[in-house]
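Pasting final.txt here (compact mmCIF, C-alpha atoms):
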```
# COMPACT_ATOMS: atom_id res chain seq x y z
CA MET A 25 114.03 97.96 99.96
CA GLU A 26 115.24 101.46 100.67
CA ARG A 27 112.86 104.33 100.62
CA THR A 28 113.45 106.70 97.78
CA GLU A 29 113.49 110.45 98.13
CA ASP A 30 110.47 112.01 99.74
CA ILE A 31 108.32 113.52 97.03
CA GLY A 32 105.57 114.69 99.32
CA PHE A 33 103.17 111.89 98.43
CA PRO A 34 103.21 108.43 99.94
CA GLU A 35 104.15 105.21 98.22
CA VAL A 36 101.50 102.54 98.05
CA THR A 37 102.58 98.97 98.65
CA LEU A 38 100.62 95.87 97.78
CA ARG A 39 101.56 93.02 100.11
CA LEU A 40 99.94 89.60 100.25
CA PRO A 41 99.04 88.32 103.72
CA GLY A 42 101.55 86.00 105.36
CA TRP A 43 99.14 83.06 105.49
CA VAL A 44 99.25 82.81 101.69
CA ARG A 45 102.68 81.24 102.01
CA ASP A 46 101.35 78.38 104.10
CA LEU A 47 98.70 77.63 101.51
CA VAL A 48 101.00 77.37 98.51
CA SER A 49 104.44 76.49 99.85
CA GLY A 50 106.11 73.12 100.16
CA GLU A 51 104.61 71.80 97.00
CA GLU A 52 105.17 71.91 93.31
CA ARG A 53 102.66 74.73 92.99
CA THR A 54 101.23 72.98 89.96
CA TYR A 55 97.49 72.63 89.55
CA PRO A 56 96.73 70.39 86.59
CA THR A 57 92.98 70.76 86.09
CA VAL A 58 90.75 73.81 86.00
CA GLU A 59 88.99 72.48 89.10
CA ASP A 60 92.33 72.19 90.92
CA ARG A 61 93.00 75.81 90.07
CA MET A 62 89.59 77.01 91.15
CA ARG A 63 89.89 74.99 94.35
CA LEU A 64 93.00 76.99 95.23
CA ALA A 65 91.24 80.27 94.43
CA VAL A 66 88.26 79.30 96.60
CA GLU A 67 90.60 78.32 99.41
CA LEU A 68 92.27 81.73 99.10
CA SER A 69 88.87 83.42 99.38
CA ARG A 70 87.87 81.28 102.37
CA LEU A 71 91.12 81.85 104.27
CA ASN A 72 90.93 85.57 103.48
CA VAL A 73 87.59 85.67 105.30
CA ARG A 74 88.65 83.42 108.18
CA ASN A 75 91.88 85.34 108.73
CA ASP A 76 90.05 88.67 108.55
CA THR A 77 92.37 89.94 105.83
CA GLY A 78 89.67 91.00 103.38
CA GLY A 79 86.54 90.24 101.43
CA PRO A 80 85.37 86.82 100.20
CA PHE A 81 87.14 86.88 96.87
CA GLY A 82 90.14 84.93 95.64
CA ALA A 83 91.97 84.73 92.34
CA ALA A 84 95.12 83.25 90.89
CA ILE A 85 97.06 83.28 87.65
CA PHE A 86 98.43 80.05 86.22
CA GLU A 87 100.39 78.95 83.21
CA ARG A 88 97.60 77.59 81.09
CA GLU A 89 99.44 74.54 79.78
CA THR A 90 101.37 73.37 82.83
CA GLY A 91 99.08 74.62 85.60
CA ARG A 92 102.03 76.18 87.40
CA LEU A 93 100.92 78.91 89.82
CA LEU A 94 102.30 82.30 88.82
CA ALA A 95 100.58 84.48 91.43
CA PRO A 96 97.74 84.33 93.94
CA GLY A 97 95.42 87.19 94.79
CA VAL A 98 92.90 88.00 97.51
CA ASN A 99 90.69 90.97 98.13
CA LEU A 100 92.59 93.43 100.33
CA VAL A 101 90.38 96.52 99.99
CA VAL A 102 89.47 97.15 103.61
CA GLY A 103 92.72 96.14 105.29
CA SER A 104 94.93 97.94 102.77
CA GLY A 105 92.67 100.97 102.50
CA CYS A 106 92.72 100.72 98.71
CA SER A 107 89.61 100.27 96.60
CA VAL A 108 91.71 98.95 93.71
CA PHE A 109 92.86 95.84 95.58
CA HIS A 110 90.24 93.39 94.36
CA ALA A 111 91.47 89.80 94.15
CA GLU A 112 91.90 89.86 90.37
CA MET A 113 93.82 93.15 90.45
CA VAL A 114 96.09 91.83 93.18
CA ALA A 115 96.81 88.65 91.22
CA ILE A 116 97.55 90.67 88.06
CA MET A 117 99.86 93.11 89.86
CA VAL A 118 101.81 90.35 91.64
CA ALA A 119 102.00 88.24 88.47
CA GLN A 120 103.40 91.11 86.43
CA LYS A 121 105.95 91.79 89.15
CA VAL A 122 107.03 88.14 89.13
CA VAL A 123 107.40 88.09 85.35
CA GLY A 124 108.85 91.59 85.15
CA THR A 125 106.56 93.06 82.52
CA PHE A 126 103.22 94.83 82.26
CA ASP A 127 102.12 92.43 79.52
CA LEU A 128 101.53 88.80 80.43
CA GLY A 129 100.61 88.24 76.78
CA ALA A 130 104.06 89.09 75.45
CA ASP A 131 105.30 86.83 72.67
CA ASN A 132 108.08 85.24 74.72
CA LEU A 133 105.77 84.17 77.54
CA PRO A 134 103.54 81.13 78.01
CA SER A 135 99.79 81.62 77.86
CA TYR A 136 98.35 82.69 81.23
CA GLU A 137 94.96 82.02 82.78
CA LEU A 138 93.22 84.17 85.40
CA VAL A 139 91.01 82.12 87.72
CA THR A 140 88.61 84.07 89.91
CA THR A 141 86.08 82.90 92.46
CA THR A 142 83.47 85.44 91.31
CA GLU A 143 82.92 86.93 87.87
CA PRO A 144 84.95 90.16 87.63
CA CYS A 145 83.38 93.50 88.51
CA ALA A 146 83.47 96.32 85.97
CA MET A 147 86.96 97.42 87.06
CA CYS A 148 88.52 93.96 87.00
CA LEU A 149 86.80 93.22 83.70
CA GLY A 150 88.32 96.36 82.22
CA ALA A 151 91.72 95.41 83.63
CA THR A 152 91.70 91.92 82.14
CA PRO A 153 92.62 92.76 78.51
CA TRP A 154 95.37 95.16 79.65
CA SER A 155 96.92 92.44 81.82
CA GLY A 156 97.74 90.16 78.91
CA VAL A 157 96.07 87.02 80.28
CA ARG A 158 94.58 84.84 77.54
CA HIS A 159 91.98 82.94 79.53
CA LEU A 160 89.48 83.77 82.26
CA VAL A 161 87.88 81.14 84.48
CA CYS A 162 85.06 82.12 86.87
CA GLY A 163 83.32 80.43 89.80
CA ALA A 164 80.34 82.33 91.20
CA ARG A 165 78.17 84.47 88.93
CA ASP A 166 77.58 88.20 89.22
CA GLU A 167 74.13 87.48 90.61
CA ASP A 168 75.63 85.34 93.37
CA ALA A 169 77.72 88.31 94.51
CA ARG A 170 74.72 90.62 94.29
CA ALA A 171 72.66 88.16 96.31
CA VAL A 172 74.88 88.80 99.35
CA GLY A 173 74.99 92.55 98.74
CA PHE A 174 78.09 93.15 96.59
CA ASP A 175 77.89 95.48 93.63
CA GLU A 176 79.59 94.30 90.44
CA GLY A 177 79.43 97.71 88.78
CA SER A 178 78.08 98.67 85.38
CA LYS A 179 78.80 95.71 83.13
CA THR A 180 77.10 95.03 79.85
CA SER A 181 75.35 91.69 79.56
CA GLU A 182 77.66 91.01 76.59
CA TRP A 183 80.89 91.11 78.60
CA VAL A 184 81.81 87.50 77.82
CA GLY A 185 81.56 88.14 74.10
CA ALA A 186 83.50 91.38 74.43
CA LEU A 187 86.41 89.54 76.08
CA GLU A 188 86.28 86.79 73.47
CA ASP A 189 86.39 89.43 70.74
CA ARG A 190 89.71 90.44 72.31
CA GLY A 191 91.06 86.91 72.15
CA ILE A 192 90.39 86.01 75.78
CA THR A 193 88.48 82.78 76.36
CA VAL A 194 85.94 82.68 79.20
CA GLN A 195 84.83 79.65 81.21
CA GLN A 196 82.03 80.09 83.75
CA ASP A 197 80.50 78.12 86.63
CA VAL A 198 83.63 76.20 87.65
CA LEU A 199 82.99 75.03 91.25
CA ARG A 200 80.31 77.69 91.42
CA GLU A 201 78.68 76.25 94.54
CA GLU A 202 81.99 76.13 96.44
CA ALA A 203 82.66 79.74 95.54
CA VAL A 204 79.16 80.82 96.53
CA ALA A 205 79.53 79.07 99.89
CA VAL A 206 82.35 81.48 100.80
CA LEU A 207 80.28 84.50 99.79
CA ARG A 208 77.52 83.23 102.09
CA GLU A 209 79.93 82.51 104.93
CA TYR A 210 81.22 86.07 104.73
CA ALA A 211 77.71 87.53 104.76
CA GLU A 212 76.75 85.34 107.71
CA ARG A 213 79.79 86.54 109.66
CA GLY A 214 78.58 90.10 109.12
CA GLY A 215 81.55 91.00 106.92
CA GLU A 216 81.79 94.53 105.62
CA ILE A 217 80.11 95.10 102.25
CA TYR A 218 82.32 97.86 100.93
CA ASN A 219 80.41 99.19 97.96
CA SER A 220 80.56 102.80 96.99
CA ARG A 221 78.04 105.03 98.69
CA GLN A 222 75.53 105.29 95.87
CA GLY A 223 76.33 101.87 94.56
CA THR A 224 72.94 100.91 93.25
CA ASP A 225 72.76 98.95 90.07
CA PRO A 226 71.30 100.72 87.08
CA PRO A 227 68.35 98.82 85.62
CA MET B 27 109.85 100.88 105.62
CA GLU B 28 111.00 97.44 106.70
CA ARG B 29 110.38 94.46 104.54
CA THR B 30 107.94 92.04 106.05
CA GLU B 31 108.49 88.29 106.11
CA ASP B 32 109.18 86.66 102.80
CA ILE B 33 106.02 84.99 101.61
CA GLY B 34 107.40 83.78 98.33
CA PHE B 35 105.70 86.44 96.23
CA PRO B 36 106.97 89.96 95.68
CA GLU B 37 105.48 93.15 97.01
CA VAL B 38 104.38 95.69 94.43
CA THR B 39 105.09 99.33 95.16
CA LEU B 40 103.52 102.31 93.45
CA ARG B 41 105.90 105.26 93.53
CA LEU B 42 105.37 108.61 91.82
CA PRO B 43 108.33 109.97 89.84
CA GLY B 44 110.53 112.46 91.66
CA TRP B 45 109.78 115.28 89.22
CA VAL B 46 106.20 115.42 90.49
CA ARG B 47 107.49 117.14 93.63
CA ASP B 48 108.92 120.01 91.62
CA LEU B 49 105.62 120.55 89.86
CA VAL B 50 103.45 120.81 92.96
CA SER B 51 105.74 121.87 95.80
CA GLY B 52 106.39 125.32 97.22
CA GLU B 53 102.88 126.48 96.70
CA GLU B 54 99.53 126.22 98.39
CA ARG B 55 98.59 123.32 96.15
CA THR B 56 95.20 124.90 95.67
CA TYR B 57 93.64 125.06 92.22
CA PRO B 58 90.48 127.16 92.33
CA THR B 59 88.85 126.59 88.94
CA VAL B 60 88.25 123.44 86.96
CA GLU B 61 90.58 124.80 84.29
CA ASP B 62 93.33 125.30 86.89
CA ARG B 63 92.90 121.69 87.91
CA MET B 64 92.94 120.38 84.36
CA ARG B 65 95.97 122.52 83.59
CA LEU B 66 97.86 120.70 86.35
CA ALA B 67 96.71 117.32 85.04
CA VAL B 68 97.81 118.23 81.50
CA GLU B 69 101.17 119.41 82.82
CA LEU B 70 101.54 116.08 84.62
CA SER B 71 100.84 114.25 81.36
CA ARG B 72 103.27 116.43 79.42
CA LEU B 73 106.09 116.06 81.94
CA ASN B 74 105.47 112.33 82.12
CA VAL B 75 106.17 112.14 78.40
CA ARG B 76 109.13 114.53 78.44
CA ASN B 77 110.74 112.79 81.41
CA ASP B 78 110.16 109.38 79.84
CA THR B 79 108.36 108.11 82.92
CA GLY B 80 105.24 106.83 81.15
CA GLY B 81 102.39 107.37 78.76
CA PRO B 82 100.71 110.70 77.89
CA PHE B 83 98.09 110.60 80.62
CA GLY B 84 97.76 112.66 83.78
CA ALA B 85 95.17 112.84 86.54
CA ALA B 86 94.69 114.41 89.93
CA ILE B 87 92.21 114.34 92.78
CA PHE B 88 91.10 117.59 94.39
CA GLU B 89 88.80 118.67 97.17
CA ARG B 90 85.87 119.81 95.12
CA GLU B 91 85.05 122.91 97.17
CA THR B 92 88.48 124.26 98.02
CA GLY B 93 90.48 123.02 95.04
CA ARG B 94 93.16 121.67 97.33
CA LEU B 95 95.24 118.98 95.62
CA LEU B 96 94.88 115.63 97.35
CA ALA B 97 96.93 113.46 94.98
CA PRO B 98 98.44 113.57 91.51
CA GLY B 99 98.68 110.62 89.13
CA VAL B 100 100.52 109.80 85.94
CA ASN B 101 100.56 106.75 83.74
CA LEU B 102 103.35 104.44 84.95
CA VAL B 103 102.51 101.25 83.06
CA VAL B 104 105.70 100.69 81.11
CA GLY B 105 108.24 101.92 83.65
CA SER B 106 106.62 100.15 86.59
CA GLY B 107 105.82 97.01 84.63
CA CYS B 108 102.23 97.13 85.84
CA SER B 109 99.24 97.35 83.50
CA VAL B 110 97.08 98.67 86.35
CA PHE B 111 99.05 101.89 86.75
CA HIS B 112 96.97 104.18 84.55
CA ALA B 113 96.96 107.82 85.67
CA GLU B 114 93.51 107.64 87.27
CA MET B 115 94.33 104.44 89.17
CA VAL B 116 97.57 105.97 90.43
CA ALA B 117 95.77 109.11 91.62
CA ILE B 118 93.11 107.01 93.36
CA MET B 119 95.64 104.76 95.09
CA VAL B 120 97.79 107.65 96.29
CA ALA B 121 94.74 109.66 97.38
CA GLN B 122 93.37 106.79 99.45
CA LYS B 123 96.77 106.32 101.04
CA VAL B 124 96.90 110.03 101.95
CA VAL B 125 93.42 109.96 103.46
CA GLY B 126 93.85 106.53 105.03
CA THR B 127 90.72 104.87 103.73
CA PHE B 128 89.52 102.91 100.68
CA ASP B 129 86.47 105.17 100.41
CA LEU B 130 86.97 108.80 99.43
CA GLY B 131 83.20 109.20 99.67
CA ALA B 132 83.02 108.46 103.40
CA ASP B 133 80.66 110.67 105.36
CA ASN B 134 83.38 112.46 107.31
CA LEU B 135 85.29 113.53 104.21
CA PRO B 136 84.93 116.47 101.84
CA SER B 137 83.65 115.81 98.33
CA TYR B 138 86.46 114.77 95.97
CA GLU B 139 86.86 115.33 92.24
CA LEU B 140 88.92 113.20 89.85
CA VAL B 141 90.36 115.22 86.97
CA THR B 142 91.80 113.23 84.07
CA THR B 143 93.38 114.37 80.82
CA THR B 144 91.61 111.67 78.79
CA GLU B 145 88.25 110.04 79.40
CA PRO B 146 88.79 106.91 81.50
CA CYS B 147 89.30 103.52 79.85
CA ALA B 148 87.05 100.63 80.82
CA MET B 149 89.22 99.73 83.83
CA CYS B 150 89.47 103.26 85.23
CA LEU B 151 85.78 103.80 84.58
CA GLY B 152 84.97 100.69 86.59
CA ALA B 153 87.32 101.85 89.37
CA THR B 154 85.73 105.28 89.69
CA PRO B 155 82.61 104.36 91.70
CA TRP B 156 84.65 102.13 94.07
CA SER B 157 87.05 105.00 94.76
CA GLY B 158 84.42 107.22 96.37
CA VAL B 159 85.07 110.31 94.24
CA ARG B 160 81.89 112.31 93.58
CA HIS B 161 82.89 114.17 90.45
CA LEU B 162 84.77 113.30 87.25
CA VAL B 163 86.27 115.94 84.95
CA CYS B 164 87.71 114.90 81.57
CA GLY B 165 89.88 116.62 78.94
CA ALA B 166 90.38 114.62 75.75
CA ARG B 167 87.68 112.30 74.47
CA ASP B 168 87.94 108.55 73.94
CA GLU B 169 88.16 109.16 70.21
CA ASP B 170 91.14 111.46 70.71
CA ALA B 171 93.01 108.63 72.46
CA ARG B 172 92.00 106.18 69.76
CA ALA B 173 93.16 108.62 67.07
CA VAL B 174 96.76 108.20 68.26
CA GLY B 175 96.39 104.42 68.70
CA PHE B 176 95.34 103.90 72.32
CA ASP B 177 92.58 101.46 73.13
CA GLU B 178 90.00 102.60 75.68
CA GLY B 179 88.55 99.13 76.16
CA SER B 180 84.94 98.00 75.97
CA LYS B 181 82.88 100.92 77.24
CA THR B 182 79.21 101.40 76.62
CA SER B 183 78.23 104.63 74.93
CA GLU B 184 76.09 105.33 78.02
CA TRP B 185 79.02 105.45 80.46
CA VAL B 186 78.38 109.06 81.47
CA GLY B 187 74.80 108.30 82.41
CA ALA B 188 75.86 105.15 84.26
CA LEU B 189 78.23 107.19 86.45
CA GLU B 190 75.60 109.85 87.03
CA ASP B 191 73.15 107.12 88.08
CA ARG B 192 75.71 106.32 90.78
CA GLY B 193 75.80 109.90 91.99
CA ILE B 194 79.02 110.89 90.20
CA THR B 195 78.82 114.05 88.09
CA VAL B 196 80.72 114.13 84.79
CA GLN B 197 82.15 117.17 83.01
CA GLN B 198 83.72 116.67 79.58
CA ASP B 199 85.90 118.66 77.17
CA VAL B 200 87.74 120.77 79.76
CA LEU B 201 90.90 122.04 78.00
CA ARG B 202 90.37 119.26 75.49
CA GLU B 203 92.77 120.73 72.93
CA GLU B 204 95.58 121.09 75.47
CA ALA B 205 95.10 117.48 76.53
CA VAL B 206 95.01 116.28 72.92
CA ALA B 207 98.24 118.15 72.19
CA VAL B 208 100.09 115.92 74.66
CA LEU B 209 98.63 112.76 73.11
CA ARG B 210 99.90 113.98 69.75
CA GLU B 211 103.31 114.91 71.13
CA TYR B 212 103.69 111.40 72.54
CA ALA B 213 102.72 109.77 69.25
CA GLU B 214 105.11 112.02 67.34
CA ARG B 215 107.95 111.04 69.66
CA GLY B 216 107.23 107.40 68.81
CA GLY B 217 106.10 106.56 72.33
CA GLU B 218 105.11 103.02 73.09
CA ILE B 219 101.42 102.24 72.55
CA TYR B 220 101.02 99.52 75.16
CA ASN B 221 97.67 98.02 74.32
CA SER B 222 96.99 94.38 74.88
CA ARG B 223 97.96 92.09 72.05
CA GLN B 224 94.49 91.60 70.57
CA GLY B 225 93.31 95.01 71.61
CA THR B 226 90.96 95.76 68.79
CA ASP B 227 87.81 97.62 69.53
CA PRO B 228 84.59 95.74 69.07
CA PRO B 229 82.23 97.51 66.67
```
Could you write out this structure as structure tokens?
Amino acid sequence: MERTEDIGFPEVTLRLPGWVRDLVSGEERTYPTVEDRMRLAVELSRLNVRNDTGGPFGAAIFERETGRLLAPGVNLVVGSGCSVFHAEMVAIMVAQKVVGTFDLGADNLPSYELVTTTEPCAMCLGATPWSGVRHLVCGARDEDARAVGFDEGSKTSEWVGALEDRGITVQQDVLREEAVAVLREYAERGGEIYNSRQGTDPP
Amino acid sequence: MERTEDIGFPEVTLRLPGWVRDLVSGEERTYPTVEDRMRLAVELSRLNVRNDTGGPFGAAIFERETGRLLAPGVNLVVGSGCSVFHAEMVAIMVAQKVVGTFDLGADNLPSYELVTTTEPCAMCLGATPWSGVRHLVCGARDEDARAVGFDEGSKTSEWVGALEDRGITVQQDVLREEAVAVLREYAERGGEIYNSRQGTDPP
């Protein structure tokens, strides 16, 4: 891709790590069950930690009916120097680029499902309805992330209902223990906990 | 910039429109008062509409003390095909790229202020603490955006207090009428209202 004219401010490029290819290539990229899909997301989170490419969070977007992988995502905050690059945001941005539209819920598209190894933080939760996905599947709970020191942001306790009011189904606790194991592995390796400076949870 | 190895998924590049250069070049890029800063953000939103590069939303990040512009942002959702590219997110991503870190609140940095023409939606609100900015300045209110058909997402009515609990000051209603005028201009031009399909506000 050629660089466009210099406008005095840099471009920002989101780029998945090279190892992602090895994880998802050479196969049909179809994941029939919700556990198959979460297993891929957990493996993304685990390899992200072991390859030192980011935090212990993985996500992926699938065609709901067929289980075909549309886009993977991993947390790239520290390595990319961008606080926006949580796993869910990365998966959404790559998915929309693959499909060629900002709305994965457009009428001519199949129904898409966002699978994430940890319940979305306040930002990713806010991004979910805009993305157009119709289903959200979560592994670890907010409290699991908090237990190793991550801050999920200011979320209301009614966030599941709020998504469902917007026509997005939510499934929780899918392979929760497997997802939590990666959070713990990261903490035990002394991985960076990159919360904002005053990131204490309001009561 | 060279393309890296093909990993089977596309890169996503955030690129400000070329006209942004004309708006902020050839000057010191210093905006002393909060009104000066909001005036720039409103002008970004207006030119974004008139140049057909996106929705009627502008934002910018400034050094709080000096008023030096760090990064501008405009809504690029439709043109970029990315639901994440709200004005605030764009400003945050570009600002972090300029500074070279995911945390604008790092100890060695000056205090940064995010100025936005409309109060942040749920996603941008969630992104604000992660970004490291210490101050948020808003023009139009949520209800002004809703009045022309935009959905701000599921925000609690206590969002100002929740930010302040995290050490982020909030100033509202700065040049509110000027900001609202651009929202109205966009609606009158028949601009696309790109909410999610079931984007109705919960009561």
(request) Can you work out the spacing between atom CA of Glu188 of chain A and atom CA of Ala148 of chain B in Å, to one decimal? (result)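 Rounded to one decimal, the two atoms are 15.7 Å apart.
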Need the neighbours of (87.5, 83.8, 80.0): which residues are at most 9 Å away, counting all atoms listed in the file, as a short mmCIF file (atom, residue, chain, number, x, y, z; two decimals) with C-alpha atoms, in the frame of the given file?
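For reference, part_7.cif as written:
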```cif
data_model
loop_
_atom_site.label_atom_id
_atom_site.label_comp_id
_atom_site.auth_asym_id
_atom_site.auth_seq_id
_atom_site.Cartn_x
_atom_site.Cartn_y
_atom_site.Cartn_z
CA GLU A 137 94.96 82.02 82.78
CA LEU A 138 93.22 84.17 85.40
CA VAL A 139 91.01 82.12 87.72
CA ARG A 158 94.58 84.84 77.54
CA HIS A 159 91.98 82.94 79.53
CA LEU A 160 89.48 83.77 82.26
CA VAL A 161 87.88 81.14 84.48
CA CYS A 162 85.06 82.12 86.87
CA VAL A 184 81.81 87.50 77.82
CA LEU A 187 86.41 89.54 76.08
CA GLU A 188 86.28 86.79 73.47
CA ILE A 192 90.39 86.01 75.78
CA THR A 193 88.48 82.78 76.36
CA VAL A 194 85.94 82.68 79.20
CA GLN A 195 84.83 79.65 81.21
CA GLN A 196 82.03 80.09 83.75
#
```
(message) Taking 3 positions as the minimum chain separation for residues in the same chain, which residues sit within 8 Å of Leu95 of chain B when counting only C-alpha atoms? Answer as a ChimeraX atom specification.
(response) /B:55-57,86-89,98
Create the file for the chosen residues now, containing C-alpha atoms and written as an mmCIF file, keeping the file's coordinate frame.
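What landed in selection32.cif:
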```cif
data_model
loop_
_atom_site.group_PDB
_atom_site.id
_atom_site.type_symbol
_atom_site.label_atom_id
_atom_site.label_comp_id
_atom_site.auth_asym_id
_atom_site.auth_seq_id
_atom_site.Cartn_x
_atom_site.Cartn_y
_atom_site.Cartn_z
ATOM 1 C CA ARG B 55 98.590 123.320 96.150
ATOM 2 C CA THR B 56 95.200 124.900 95.670
ATOM 3 C CA TYR B 57 93.640 125.060 92.220
ATOM 4 C CA ALA B 86 94.690 114.410 89.930
ATOM 5 C CA ILE B 87 92.210 114.340 92.780
ATOM 6 C CA PHE B 88 91.100 117.590 94.390
ATOM 7 C CA GLU B 89 88.800 118.670 97.170
ATOM 8 C CA PRO B 98 98.440 113.570 91.510
#
```
(request) Could you please tell me, as a PyMOL selection string, which residues of chain A have an atom within 7 Å of chain B when using all atoms listed in the file? (result) chain A and resi 25+27+31-32+34-39+42+45+101-102+105-108+117-118+120-122+124-127+129+146-151+153-156+177-178+186+189-191+219-224+226
(request) Would you mind listing what lies within 8 Å of Asn72 of chain A as a list in words, with all atoms listed in the file counted and same-chain residues fewer than 5 positions away left out? (result)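 Here the answer would be Thr77, Gly78, Gly79, Pro80, Phe81, Gly82, Val98 and Asn99 of chain A.
When atom CA of Ala117 of chain B is paired with atom CA of Gly216 of chain B, their separation reads 25.6 Å.
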(message) Report, in Å to a single decimal, how far apart atom CA of Pro58 of chain B and atom CA of Arg210 of chain B are.
(response)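 Computed distance, atom CA of Arg210 of chain B to atom CA of Pro58 of chain B, equals 27.8 Å.
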(request) List the neighbours of Met62 of chain A out to 8 Å using all atoms listed in the file; skip same-chain residues closer than 5 positions along the sequence, and give me the result as a list in words. (result) Val139, Thr140, Thr141, Gly163, Val198 and Leu199 of chain A
(request) Tell me which protein, DNA and RNA residues are within 6 Å of segment 164-171 of chain A, counting only C-alpha atoms, leaving out same-chain ones fewer than 3 positions away, and put them as a ChimeraX atom specification. (result) /A:141-143,174-175,200,203-204
(request) Tell me which of B:Ser183, B:Ala67, B:Glu211, B:Gly175 sits closest to Glu114 of chain B, counting all atoms listed in the file. (result)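 Under the stated criterion, the closest residue is B:Ala67.
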